[in-house]
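What follows is the content of coords-v1.cif, which has mmCIF, C-alpha atoms:
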```cif
data_model
#
loop_
_atom_site.label_atom_id
_atom_site.label_comp_id
_atom_site.auth_asym_id
_atom_site.auth_seq_id
_atom_site.Cartn_x
_atom_site.Cartn_y
_atom_site.Cartn_z
CA MET M 1219 198.61 133.76 6.58
CA SER M 1220 198.77 133.54 2.80
CA GLN M 1221 199.44 136.51 0.59
CA ARG M 1222 195.86 136.29 -0.63
CA GLU M 1223 194.53 137.07 2.83
CA PHE M 1224 194.54 140.10 5.13
CA GLU M 1225 194.13 140.39 8.89
CA ARG M 1226 190.81 142.09 9.53
CA PHE M 1227 190.34 141.47 13.26
CA SER M 1228 193.01 141.24 15.93
CA PRO M 1229 193.08 138.47 18.57
CA ARG M 1230 191.69 140.96 21.12
CA GLN M 1231 188.75 141.83 18.87
CA ARG M 1232 188.00 138.16 18.22
CA PHE M 1233 188.13 137.43 21.96
CA GLU M 1234 185.73 140.31 22.61
CA HIS M 1235 183.28 139.07 19.98
CA VAL M 1236 183.17 135.47 21.21
CA THR M 1237 182.86 136.53 24.86
CA VAL M 1238 180.11 139.09 24.21
CA MET M 1239 178.30 136.60 21.98
CA LEU M 1240 178.21 134.03 24.80
CA LEU M 1241 177.22 136.63 27.41
CA PHE M 1242 174.48 138.07 25.18
CA THR M 1243 173.06 134.60 24.54
CA THR M 1244 173.02 133.91 28.28
CA LEU M 1245 171.28 137.22 28.97
CA VAL M 1246 168.64 136.51 26.32
CA VAL M 1247 167.95 132.96 27.54
CA THR M 1248 167.62 134.08 31.17
CA GLY M 1249 165.97 137.45 30.50
CA LEU M 1250 163.23 136.84 27.92
CA PRO M 1251 161.41 134.19 30.04
CA GLN M 1252 161.21 136.77 32.82
CA LYS M 1253 159.82 139.41 30.48
CA PHE M 1254 157.28 137.01 28.96
CA PHE M 1255 156.61 135.06 32.15
CA ASP M 1256 152.98 134.44 31.17
CA ALA M 1257 153.89 132.81 27.83
CA SER M 1258 153.43 129.05 27.53
CA TRP M 1259 157.14 128.42 26.87
CA ALA M 1260 158.51 130.55 29.73
CA PRO M 1261 157.97 128.07 32.62
CA ALA M 1262 159.68 125.29 30.63
CA VAL M 1263 162.77 127.45 30.08
CA MET M 1264 162.82 128.48 33.73
CA ASN M 1265 162.65 124.83 34.83
CA LEU M 1266 165.60 124.00 32.56
CA LEU M 1267 167.55 126.82 34.21
CA GLY M 1268 166.74 125.55 37.69
CA GLY M 1269 163.97 127.97 38.60
CA VAL M 1270 163.44 131.70 38.50
CA ASP M 1271 165.84 132.46 41.38
CA ARG M 1272 168.73 130.68 39.70
CA ALA M 1273 167.86 132.26 36.35
CA ARG M 1274 168.04 135.70 37.96
CA TRP M 1275 171.43 134.97 39.50
CA ILE M 1276 172.75 133.74 36.15
CA HIS M 1277 171.31 136.83 34.46
CA ARG M 1278 172.99 139.15 36.96
CA ALA M 1279 176.34 137.37 36.68
CA ALA M 1280 176.22 137.53 32.88
CA GLY M 1281 175.17 141.18 33.12
CA LEU M 1282 178.20 142.07 35.24
CA GLY M 1283 180.36 140.19 32.77
CA PHE M 1284 178.80 142.25 29.99
CA VAL M 1285 179.60 145.46 31.91
CA PHE M 1286 183.22 144.37 32.22
CA MET M 1287 183.48 143.55 28.51
CA ALA M 1288 181.93 146.89 27.55
CA ALA M 1289 184.50 148.72 29.69
CA PHE M 1290 187.27 146.53 28.26
CA HIS M 1291 186.17 147.30 24.70
CA ILE M 1292 185.92 151.05 25.26
CA ALA M 1293 189.30 151.17 27.01
CA GLY M 1294 190.86 149.18 24.17
CA ALA M 1295 189.34 151.47 21.55
CA ILE M 1296 190.61 154.58 23.34
CA TYR M 1297 194.08 153.03 23.63
CA GLU M 1298 194.16 152.22 19.91
CA VAL M 1299 193.19 155.76 18.96
CA VAL M 1300 195.23 157.75 21.50
CA VAL M 1301 198.37 155.65 21.92
CA ARG M 1302 198.67 153.76 18.64
CA ARG M 1303 197.14 156.59 16.58
CA ALA M 1304 194.66 154.23 14.92
CA PRO M 1305 192.20 155.92 12.55
CA LEU M 1306 188.60 156.50 13.63
CA SER M 1307 187.36 154.18 10.89
CA ILE M 1308 184.17 153.20 12.73
CA VAL M 1309 182.98 156.80 13.19
CA PRO M 1310 180.26 157.83 10.68
CA ASN M 1311 181.10 160.61 8.26
CA ARG M 1312 179.58 162.46 5.33
CA LYS M 1313 180.66 159.77 2.86
CA ASP M 1314 178.46 157.24 4.66
CA TYR M 1315 175.41 159.37 3.92
CA HIS M 1316 176.30 159.58 0.23
CA ASP M 1317 177.07 155.83 0.14
CA ALA M 1318 173.65 155.03 1.61
CA ILE M 1319 171.89 157.21 -0.98
CA LEU M 1320 173.94 155.73 -3.82
CA THR M 1321 173.24 152.17 -2.67
CA LEU M 1322 169.50 152.88 -2.46
CA ARG M 1323 169.52 154.36 -5.95
CA ASN M 1324 171.40 151.31 -7.21
CA TYR M 1325 168.85 148.96 -5.65
CA LEU M 1326 166.03 150.93 -7.29
CA GLY M 1327 167.73 150.70 -10.69
CA LEU M 1328 168.29 154.45 -10.95
CA THR M 1329 172.06 154.08 -11.40
CA GLU M 1330 174.59 151.38 -12.18
CA ARG M 1331 177.20 152.95 -9.91
CA GLN M 1332 177.96 151.17 -6.67
CA ALA M 1333 179.42 152.64 -3.49
CA SER M 1334 183.04 151.82 -2.64
CA PHE M 1335 183.63 151.17 1.04
CA ASP M 1336 186.62 151.53 3.33
CA ARG M 1337 187.23 149.39 6.40
CA PHE M 1338 183.59 149.66 7.51
CA ASP M 1339 180.53 150.53 5.45
CA TYR M 1340 177.60 152.62 6.65
CA ARG M 1341 175.55 149.54 7.60
CA GLN M 1342 178.29 148.18 9.85
CA LYS M 1343 178.74 151.59 11.46
CA PHE M 1344 174.99 151.91 12.06
CA GLU M 1345 174.85 148.48 13.68
CA TYR M 1346 177.95 149.10 15.81
CA TRP M 1347 176.83 152.44 17.24
CA GLY M 1348 173.28 151.17 17.69
CA LEU M 1349 174.59 148.30 19.79
CA ILE M 1350 176.93 150.59 21.74
CA LEU M 1351 174.09 152.98 22.61
CA GLY M 1352 171.80 150.06 23.38
CA ALA M 1353 174.47 148.57 25.65
CA MET M 1354 174.69 151.84 27.57
CA VAL M 1355 170.93 151.71 28.16
CA VAL M 1356 170.81 148.09 29.37
CA ILE M 1357 173.93 148.54 31.50
CA SER M 1358 172.75 151.71 33.24
CA THR M 1359 169.23 150.40 33.83
CA GLY M 1360 170.54 146.98 34.83
CA LEU M 1361 172.77 148.49 37.50
CA ILE M 1362 169.79 150.48 38.82
CA LEU M 1363 167.76 147.27 39.08
CA LEU M 1364 170.66 145.45 40.71
CA TRP M 1365 170.96 148.04 43.50
CA PRO M 1366 167.52 149.73 43.69
CA VAL M 1367 167.77 150.64 47.36
CA VAL M 1368 171.05 152.48 46.86
CA VAL M 1369 169.70 154.29 43.80
CA ALA M 1370 166.53 155.32 45.62
CA ARG M 1371 168.64 157.15 48.21
CA TYR M 1372 169.79 159.62 45.60
CA LEU M 1373 167.14 159.55 42.84
CA PRO M 1374 163.33 159.64 42.83
CA GLY M 1375 161.65 156.28 43.36
CA GLU M 1376 159.98 156.49 39.95
CA VAL M 1377 163.40 155.81 38.40
CA ILE M 1378 163.23 152.14 39.46
CA PRO M 1379 160.09 151.07 37.50
CA ALA M 1380 161.16 153.28 34.59
CA ALA M 1381 164.51 151.49 34.52
CA LYS M 1382 162.73 148.12 34.54
CA VAL M 1383 160.65 149.04 31.48
CA ALA M 1384 163.64 150.52 29.63
CA HIS M 1385 165.88 147.54 30.47
CA SER M 1386 163.31 145.00 29.36
CA ASN M 1387 162.36 146.73 26.12
CA GLU M 1388 165.93 147.59 25.11
CA GLY M 1389 166.97 143.99 25.72
CA LEU M 1390 164.17 142.77 23.46
CA LEU M 1391 165.10 145.33 20.81
CA ALA M 1392 168.76 144.23 20.91
CA PHE M 1393 167.69 140.60 20.52
CA LEU M 1394 165.52 141.43 17.49
CA VAL M 1395 168.29 143.48 15.86
CA VAL M 1396 170.80 140.67 16.31
CA ILE M 1397 168.60 137.88 14.93
CA THR M 1398 167.44 139.94 11.94
CA TRP M 1399 170.05 142.51 10.89
CA HIS M 1400 173.23 140.89 12.24
CA ILE M 1401 172.37 137.26 11.51
CA TYR M 1402 171.42 138.15 7.95
CA ASN M 1403 174.69 139.98 7.31
CA ALA M 1404 176.80 137.28 8.96
CA HIS M 1405 175.02 134.21 7.58
CA PHE M 1406 172.30 134.72 4.99
CA ASN M 1407 173.83 137.53 2.95
CA PRO M 1408 174.54 136.00 -0.48
CA ASP M 1409 178.11 137.33 -0.34
CA VAL M 1410 178.96 135.25 2.75
CA PHE M 1411 176.35 132.46 2.84
CA PRO M 1412 176.26 130.16 4.74
CA PHE M 1413 178.67 131.61 7.29
CA ASP M 1414 181.16 134.46 7.61
CA THR M 1415 184.16 133.09 9.50
CA THR M 1416 186.17 136.34 9.47
CA ILE M 1417 185.37 137.38 13.03
CA PHE M 1418 186.55 133.97 14.30
CA THR M 1419 189.66 133.49 12.14
CA GLY M 1420 190.52 137.19 11.91
CA ARG M 1421 191.31 136.78 8.21
CA ILE M 1422 189.58 137.94 5.05
CA SER M 1423 190.38 136.97 1.48
CA ARG M 1424 191.72 139.38 -1.12
CA GLU M 1425 188.67 138.62 -3.29
CA ARG M 1426 186.30 139.76 -0.56
CA MET M 1427 188.42 142.83 0.10
CA GLU M 1428 188.19 143.74 -3.59
CA HIS M 1429 184.43 143.39 -3.48
CA GLU M 1430 183.51 144.67 0.01
CA HIS M 1431 186.33 147.01 1.10
CA PRO M 1432 188.14 148.25 -2.02
CA LEU M 1433 189.24 151.56 -0.47
CA GLU M 1434 190.92 149.75 2.42
CA LEU M 1435 192.55 147.37 -0.04
CA ASP M 1436 193.97 150.35 -1.94
CA ARG M 1437 195.74 151.43 1.26
CA LEU M 1438 197.00 147.99 2.23
CA ALA M 1439 198.02 146.86 -1.25
CA PRO M 1440 198.26 149.78 -3.68
CA GLY M 1441 197.45 148.75 -7.23
CA ALA M 1442 195.75 145.49 -6.19
CA ARG M 1443 192.43 146.41 -7.76
CA GLU M 1444 194.05 147.41 -11.05
CA GLN M 1445 195.90 144.10 -11.18
CA ALA M 1446 192.67 142.21 -10.49
CA ALA M 1447 190.91 144.12 -13.26
CA LYS M 1448 193.70 143.21 -15.71
CA ARG M 1449 193.47 139.57 -14.73
CA GLY M 1450 189.72 139.63 -15.26
CA ALA M 1451 190.09 141.29 -18.64
CA GLY M 1452 192.57 138.64 -19.71
CA HIS M 1453 190.11 135.79 -19.24
#
```
Could you write out this file's structure as structure tokens?
Amino acid sequence: MSQREFERFSPRQRFEHVTVMLLFTTLVVTGLPQKFFDASWAPAVMNLLGGVDRARWIHRAAGLGFVFMAAFHIAGAIYEVVVRRAPLSIVPNRKDYHDAILTLRNYLGLTERQASFDRFDYRQKFEYWGLILGAMVVISTGLILLWPVVVARYLPGEVIPAAKVAHSNEGLLAFLVVITWHIYNAHFNPDVFPFDTTIFTGRISRERMEHEHPLELDRLAPGAREQAAKRGAGH
């Protein structure tokens, strides 16, 4: 790795992202045709998958894989914080609120100041925790739908149809968030267009660090921003 690059994501984090991306795609392809079974395109997708029974088996297998990856991610995060004493950089704090207000004011032309971000900005934190909470909903409701008879022994029967509605709607919401919010930030954002490769290579350039994560850069390479400013002034 060159001196002009920094490691942003570890091999474990990159493995998690690729695996969850493939599992999520499988869940969407096998789940949405079941939700919108009366749509004109749904039967064609089901036929490509080998029929509704096979699609359901694939969906359940991918769902269990998603459960495993969620547990793997949470266990890894706890290990990093407790054992390796890693900072809770993904947890929202008061600065995120002020950064959001400052960014909005900047967009509206009310100030020329721009927020300076650390390892994660408020948008990334919002997306991360939204997906974590959404994952908890689809996992819990999916397990209820996978073993409805067992659940009905201990909980009221009304829980089963309620879980079906919650599972279906949360899955659709997650799909919409990914193809709008996440895809824009990872592909169509002018700063990274046409594609942000960081999550796959694990590396990020010094130039992007100066622009997107200056506070983190100050910790990793003290004085780097001042040196960059001097170089810019010299041209």
As a list in words, please: the residues near Glu1434 (chain M) (cut-off 12 Å, all atoms listed in the file, same-chain neighbours under 2 positions excluded). Phe1224, Glu1225, Arg1226, Pro1305, Ser1307, Ser1334, Phe1335, Asp1336, Arg1337, Phe1338, Asp1339, Arg1424, Arg1426, Met1427, Glu1428, His1429, Glu1430, His1431, Pro1432, Asp1436, Arg1437, Leu1438, Ala1439, Pro1440, Gly1441, Ala1442 and Arg1443 of chain M
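For the atom pair formed by CA of Lys1382 (chain M) and CA of Val1270 (chain M), the distance is 16.9 Å, given to one decimal.
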Give me, as a short mmCIF file (atom, residue, chain, number, x, y, z; two decimals) with C-alpha atoms, in the frame of the given file, all polymer residues having an atom no more than 12 Å from Arg1230 (chain M), counting all atoms listed in the file and skipping those fewer than 2 positions away in the same chain.
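What landed in result08.cif:
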```cif
data_model
loop_
_atom_site.label_atom_id
_atom_site.label_comp_id
_atom_site.auth_asym_id
_atom_site.auth_seq_id
_atom_site.Cartn_x
_atom_site.Cartn_y
_atom_site.Cartn_z
CA ARG M 1226 190.81 142.09 9.53
CA PHE M 1227 190.34 141.47 13.26
CA SER M 1228 193.01 141.24 15.93
CA ARG M 1232 188.00 138.16 18.22
CA PHE M 1233 188.13 137.43 21.96
CA GLU M 1234 185.73 140.31 22.61
CA HIS M 1235 183.28 139.07 19.98
CA VAL M 1236 183.17 135.47 21.21
CA THR M 1237 182.86 136.53 24.86
CA MET M 1287 183.48 143.55 28.51
CA PHE M 1290 187.27 146.53 28.26
CA HIS M 1291 186.17 147.30 24.70
CA GLY M 1294 190.86 149.18 24.17
CA ALA M 1295 189.34 151.47 21.55
CA GLU M 1298 194.16 152.22 19.91
CA ILE M 1417 185.37 137.38 13.03
CA PHE M 1418 186.55 133.97 14.30
CA THR M 1419 189.66 133.49 12.14
CA GLY M 1420 190.52 137.19 11.91
#
```
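Residues in contact range of Leu1245 (chain M), defined as at most 10 Å between all atoms listed in the file, with sequence neighbours fewer than 4 positions away removed, read Met1239, Leu1240, Leu1241, Gly1249, Leu1250, Ala1273, Arg1274, Ile1276, His1277, Arg1278, Ala1279, Ala1280, Gly1281, Phe1284, Gly1389 and Phe1393 of chain M.
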Given 5 Å on each side, where is the centre and what are the edge lengths in Å to one decimal of the axis-aligned box enclosing the listed atoms of region 1241-1250 of chain M, as AutoDock Vina command-line options?
```
--center_x 170.2 --center_y 135.5 --center_z 27.9 --size_x 24.0 --size_y 15.1 --size_z 16.6
```
Which is closest to Asp1314 (chain M) among M:Gln1342, M:Ser1386, M:Gln1252, M:Thr1398, if we use only C-alpha atoms?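 That would be M:Gln1342, the residue with the smallest distance to Asp1314 (chain M).
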Evaluate the PyMOL selection byres ((chain M and resi 1356) around 10) and report residues as a VMD selection string: chain M and resid 1281 1284 to 1285 1351 to 1355 1357 to 1362 1381 to 1382 1384 to 1389 1392
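Going from CA of Pro1310 (chain M) over to CA of Tyr1340 (chain M), you cover 7.1 Å.
Restricting the calculation to only C-alpha atoms, the smallest distance between Ala1288 (chain M) and any of M:Val1309, M:Leu1266, M:Ile1397, M:Leu1349 is found for M:Leu1349.
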What does the distance between CA of Val1377 (chain M) and CA of Phe1255 (chain M) come to in Å, to one decimal place?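 Going from CA of Val1377 (chain M) over to CA of Phe1255 (chain M) covers 22.7 Å.
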Can you tell me, as a compact mmCIF listing (two decimals) with C-alpha atoms, in the coordinates of the input, what residues are no more than 12 Å from His1405 (chain M) when counting all atoms listed in the file, ignoring any on the same chain fewer than 5 positions away?
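Saved the output as result.txt:
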```
# COMPACT_ATOMS: atom_id res chain seq x y z
CA VAL M 1396 170.80 140.67 16.31
CA ILE M 1397 168.60 137.88 14.93
CA THR M 1398 167.44 139.94 11.94
CA TRP M 1399 170.05 142.51 10.89
CA HIS M 1400 173.23 140.89 12.24
CA VAL M 1410 178.96 135.25 2.75
CA PHE M 1411 176.35 132.46 2.84
CA PRO M 1412 176.26 130.16 4.74
CA PHE M 1413 178.67 131.61 7.29
CA ASP M 1414 181.16 134.46 7.61
CA THR M 1415 184.16 133.09 9.50
CA THR M 1416 186.17 136.34 9.47
```
Name the residues in contact with Ile1319 (chain M) at a cut-off of 12 Å, using all atoms listed in the file, excluding same-chain residues fewer than 5 positions from it; report them as a ChimeraX atom specification. /M:1312-1314,1324-1326,1328-1329,1331-1333,1340
Run the PyMOL selection byres ((chain M and resi 1263) around 12) on the file and write out the hits as a PyMOL selection string. chain M and resi 1246-1252+1254-1255+1257-1262+1264-1270+1272-1273
